[in-house]
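Heads up, the thing below is written out as structure tokens.
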Amino acid sequence: MSASTLHISPDQLSVGLYIHLDLSWWEHDFAFSHFKIKDEGQIQALRALGLKQLRYDPARSDCPPLPLPTDTPPAAVAAPAPDPEEQARQARAAKLGALRKRLAEVDRTFIQASQRVKSLNQTLRSQPEEAIKQAGEVVRELVSALGGEDGAALHSINGKAAEDAYLHPLNVTVLSVMLGRQLGFDAEACHSLGLGALLHDIGKLQIPSKVLLKSEPLSRPEQQLLQLHCEFGVRHGQELMLDDEVLRIIQEHHEYCDGSGYPKGLREAAIGRLSRVVSLVNAFDDLCNPLDPRQALSPHEALALMFKQQRERYDEVALKTFIRCMGIYPPGSLVQLEDQRYALVLGMHPSLPLRPTLIVYEPSIPKAEALIVNLEQEPKLAIARSLRPAQLPEEALEYLNPRQQLTYYVDPRQRGK
């Protein structure tokens with residue numbers, strides 16, 4: 001405990017006290033973990049957390065805490081001692097409820113964003129100015145969310161979203177802006193990066209669906225036609241008056257640093273710095289979410305493949321930064337802990353990539369009260385390995401219920417200091 005703070009009972013709370021919550025960011029619904037109480041509603045919400053004591057800072061408070069009650073009537077019969085197991089069960093249920101509430105909010109924000117992506121794709125031809133306006137709004141919100149002092153937590157999305165066709169550009173945008181922030185890009189560069197990522201495949205509007213949706217290997221002519229989507233996209237982008245940085249991303253998002261990409265086979269120095277970010281993230285999402293779900297890699301497998309077998313394709317600094325800020329076990333990954341339990345990675349923070357938040361499979365605990373483990377707070381617990389769905393027992397897979405289509409979004413609320 002800080003020397004400047006003191007412990008008080010929840011009964012002593014009053015408007016004007018400066019409170020410190022010793023909880024993780026997802027265990028409460030306040031914007032910050034330390035703040036001055038403004039009204040009675042906040043007092044009721046603090047008491048509803050069920051904490052036995054809280055910390056307050058006298059120097060930053062407007063008043064002293066309320067005095068403790070002194071005239072408590074004696075009980076006729078001593079109350080039974082609380083059941084430790086029941087208390088633990090209730091605490092787990094409350095913790096999971098708080099996290100699910102927070103993730104549901106992220107889900108709702110994601111669905112709104114995905115619907116706007118769907119709308120802009122539908123209006124690119126008929127109302128191009130409105131489409132670009134919608135794209136800019138989505139990107140501005142992401143840049144703002146990821147631009148806080150402590151960044152934003154990344155989550156896998158569990159709710160049902162828009163059609164799968166609109167998940168890829170949104171995934172690429174979310175992850176590209178996150179990576180751009182981690183690389184130190186300023187807000188203006190991140191906005192161009194996000195807009196280019198969101199519109200990187202607009203040239204596919206001119207490619208026949210039978211080619212775009214074909215899950216079998218494309219013929220040579222089909223492959224050549226598909227690769228033209230970069231050129232088609234640049235022409236469309238020029239008609240929409242997009243700036244040069246955005247057009248360059250559309251042109252180069254399939255170029256690789258080793259010269260093996262298309263349409264021009266450019267090498268590292270000739271590829272724009274924003275294009276190199278989108279190329280990397282686009283490749284990652286294609287590995288995790290291919291047209292044929294049977295060929296999908298787990299996020300862990302995709303990162304491992306890109307680093308071990310394909311690293312020459314990508315900007316070295318960007319790839320290492322991407323792996324660091326995604327974590328070795330990104331959200332959506334199925335893992336096995338060192339104590340042999342199975343778990344699903346729910347969320348992570350780029351500053352602590354090896355310590356994600358997990359939901360753990362415990363057959364003795366009902367699924368509705370499943371154990372949530374935040375590895376930031378469990379130094380003795382660690383992940384042993386990443387797993388594919390087929391490696392889990394059927395009952396564990398049903399309990400953890402991972403999404404078939406891997407989708408990411410951000411929680412902009414900052415973690416408590």
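Residues in the structure tokens are numbered from 1 in each chain, the chains being A, B, ... in the order shown, and ligands are numbered from 1 in the order shown.
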TODO: Name the residues of stretch 185-337 of chain A that come out as helix (DSSP H, G or I) in a backbone DSSP run; write them as a ChimeraX atom specification.
DONE: /A:187-198,202-206,209-212,220-227,229-239,244-252,268-270,273-288,293-295,299-308,311-313,316-326
- [ ] DSSP on the backbone, then: every residue of stretch 126-160 of chain A marked strand (DSSP E), written as a list of chain:residue names.
- [x]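 Answer for stretch 126-160 of chain A, restricted to strand (DSSP E): A:Ala153, A:Leu154, A:His155, A:Ser156.
The neighbours of A:Arg55 here are the residues that come within 8 Å of it, using only C-alpha atoms and leaving out any residue fewer than 4 positions away in the same chain; they are Thr5, Leu6, His7, Ile8, Ile19, His20 and Leu21 of chain A.
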Open item on the list: Can you tell me which residues surround A:Gly327 at a distance of at most 10 Å, considering only C-alpha atoms, apart from same-chain residues fewer than 5 positions away, and format the answer as a list in words?
Closed with: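 Here the answer would be Pro299, His300, Leu303, Thr321, Phe322, Met348, His349, Pro350, Ser351, Leu352, Pro353, Leu354, Arg355 and Pro356 of chain A.
Computed from the coordinates, the atom CA of A:Asn374 to atom CA of A:Leu358 distance equals 6.3 Å.
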TODO: Compare A:Ala91, A:Ala135, A:Leu226, A:Cys190 by their minimum atom-to-atom distance to A:Glu245, counting only C-alpha atoms, and give me the closest one.
DONE: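 Once distances to A:Glu245 are computed over only C-alpha atoms, the minimum belongs to A:Cys190.
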- [ ] Kindly indicate which residue among A:Leu13, A:Leu213, A:Met241, A:Ala318 lies nearest to A:Asp292, using only C-alpha atoms for the distances.
- [x]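 Checking each of A:Leu13, A:Leu213, A:Met241, A:Ala318 against A:Asp292, counting only C-alpha atoms, the winner is A:Leu213.
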- [ ] Quick one: everything within 8 Å of stretch 270-281 of chain A, counting only C-alpha atoms, minus sequence neighbours fewer than 2 positions away in the same chain. Send it as a list in words.
- [x] Val172, Leu175, Ser176, Leu179, Gly180, Leu193, Ala197, Glu245, Arg248, Ile249, Ile250, Glu252, His253, His254, Glu255, Tyr256, Cys257, Leu266, Arg267, Glu268, Ala283, Phe284, Asp285, Tyr314, Asp315, Ala318 and Leu319 of chain A
Could the residues in this selection be saved with N, CA and C atoms as an mmCIF file, in the first residue's frame?
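Now in out-v1.cif:
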data_model
loop_
_atom_site.group_PDB
_atom_site.id
_atom_site.type_symbol
_atom_site.label_atom_id
_atom_site.label_comp_id
_atom_site.auth_asym_id
_atom_site.auth_seq_id
_atom_site.Cartn_x
_atom_site.Cartn_y
_atom_site.Cartn_z
ATOM 1 N N VAL A 172 -7.979 -6.613 -40.269
ATOM 2 C CA VAL A 172 -6.715 -6.055 -40.760
ATOM 3 C C VAL A 172 -6.556 -4.613 -40.272
ATOM 4 N N LEU A 175 -5.753 -4.647 -36.298
ATOM 5 C CA LEU A 175 -4.404 -5.111 -36.002
ATOM 6 C C LEU A 175 -3.339 -4.195 -36.602
ATOM 7 N N SER A 176 -3.610 -3.609 -37.765
ATOM 8 C CA SER A 176 -2.640 -2.696 -38.377
ATOM 9 C C SER A 176 -2.474 -1.436 -37.537
ATOM 10 N N LEU A 179 -0.568 -2.273 -34.415
ATOM 11 C CA LEU A 179 0.853 -2.429 -34.702
ATOM 12 C C LEU A 179 1.496 -1.077 -35.001
ATOM 13 N N GLY A 180 0.804 -0.227 -35.750
ATOM 14 C CA GLY A 180 1.339 1.100 -36.040
ATOM 15 C C GLY A 180 1.614 1.889 -34.776
ATOM 16 N N LEU A 193 -2.801 4.724 -42.234
ATOM 17 C CA LEU A 193 -2.603 3.277 -42.147
ATOM 18 C C LEU A 193 -3.945 2.562 -42.015
ATOM 19 N N ALA A 197 -5.772 0.138 -44.682
ATOM 20 C CA ALA A 197 -6.078 -1.240 -44.289
ATOM 21 C C ALA A 197 -7.549 -1.558 -44.507
ATOM 22 N N GLU A 245 -0.700 8.076 -49.597
ATOM 23 C CA GLU A 245 -0.325 7.029 -48.636
ATOM 24 C C GLU A 245 -1.337 5.894 -48.664
ATOM 25 N N ARG A 248 -1.064 3.932 -51.872
ATOM 26 C CA ARG A 248 0.131 3.080 -51.883
ATOM 27 C C ARG A 248 -0.126 1.776 -51.128
ATOM 28 N N ILE A 249 -0.869 1.850 -50.030
ATOM 29 C CA ILE A 249 -1.219 0.625 -49.297
ATOM 30 C C ILE A 249 -2.061 -0.291 -50.181
ATOM 31 N N ILE A 250 -3.059 0.282 -50.868
ATOM 32 C CA ILE A 250 -3.912 -0.514 -51.756
ATOM 33 C C ILE A 250 -3.066 -1.169 -52.844
ATOM 34 N N GLU A 252 0.228 -1.912 -52.665
ATOM 35 C CA GLU A 252 1.359 -2.733 -52.221
ATOM 36 C C GLU A 252 1.028 -3.740 -51.118
ATOM 37 N N HIS A 253 -0.233 -3.946 -50.783
ATOM 38 C CA HIS A 253 -0.527 -4.792 -49.612
ATOM 39 C C HIS A 253 -0.234 -6.273 -49.825
ATOM 40 N N HIS A 254 0.135 -6.662 -51.044
ATOM 41 C CA HIS A 254 0.581 -8.039 -51.298
ATOM 42 C C HIS A 254 2.064 -8.101 -51.680
ATOM 43 N N GLU A 255 2.774 -7.003 -51.517
ATOM 44 C CA GLU A 255 4.212 -7.006 -51.779
ATOM 45 C C GLU A 255 4.948 -7.532 -50.544
ATOM 46 N N TYR A 256 6.035 -8.290 -50.773
ATOM 47 C CA TYR A 256 6.825 -8.854 -49.683
ATOM 48 C C TYR A 256 8.264 -8.349 -49.778
ATOM 49 N N CYS A 257 8.902 -8.241 -48.635
ATOM 50 C CA CYS A 257 10.248 -7.670 -48.582
ATOM 51 C C CYS A 257 11.284 -8.487 -49.338
ATOM 52 N N LEU A 266 8.170 -5.970 -55.616
ATOM 53 C CA LEU A 266 9.043 -5.001 -54.953
ATOM 54 C C LEU A 266 9.799 -5.637 -53.801
ATOM 55 N N ARG A 267 10.942 -5.047 -53.462
ATOM 56 C CA ARG A 267 11.696 -5.482 -52.290
ATOM 57 C C ARG A 267 11.589 -4.425 -51.196
ATOM 58 N N GLU A 268 12.115 -4.750 -50.035
ATOM 59 C CA GLU A 268 11.856 -4.001 -48.808
ATOM 60 C C GLU A 268 11.967 -2.492 -48.969
ATOM 61 N N ALA A 283 -1.455 -10.979 -44.226
ATOM 62 C CA ALA A 283 -0.999 -12.368 -44.327
ATOM 63 C C ALA A 283 -1.391 -13.159 -43.077
ATOM 64 N N PHE A 284 -1.241 -12.543 -41.899
ATOM 65 C CA PHE A 284 -1.626 -13.197 -40.646
ATOM 66 C C PHE A 284 -3.105 -13.560 -40.641
ATOM 67 N N ASP A 285 -3.962 -12.618 -41.021
ATOM 68 C CA ASP A 285 -5.397 -12.898 -40.986
ATOM 69 C C ASP A 285 -5.786 -13.935 -42.031
ATOM 70 N N TYR A 314 8.803 -10.268 -44.486
ATOM 71 C CA TYR A 314 8.240 -9.161 -43.721
ATOM 72 C C TYR A 314 9.319 -8.235 -43.167
ATOM 73 N N ASP A 315 8.927 -7.011 -42.926
ATOM 74 C CA ASP A 315 9.790 -6.057 -42.249
ATOM 75 C C ASP A 315 10.173 -6.643 -40.891
ATOM 76 N N ALA A 318 8.845 -4.781 -37.774
ATOM 77 C CA ALA A 318 7.391 -4.881 -37.688
ATOM 78 C C ALA A 318 6.961 -6.279 -37.258
ATOM 79 N N LEU A 319 7.608 -7.319 -37.789
ATOM 80 C CA LEU A 319 7.235 -8.683 -37.437
ATOM 81 C C LEU A 319 7.503 -8.962 -35.963
#
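In this comparison, which uses only C-alpha atoms, the residue of A:Asp258, A:Glu312, A:Asp11, A:Asp186 approaching A:Gly50 most closely is A:Asp11.
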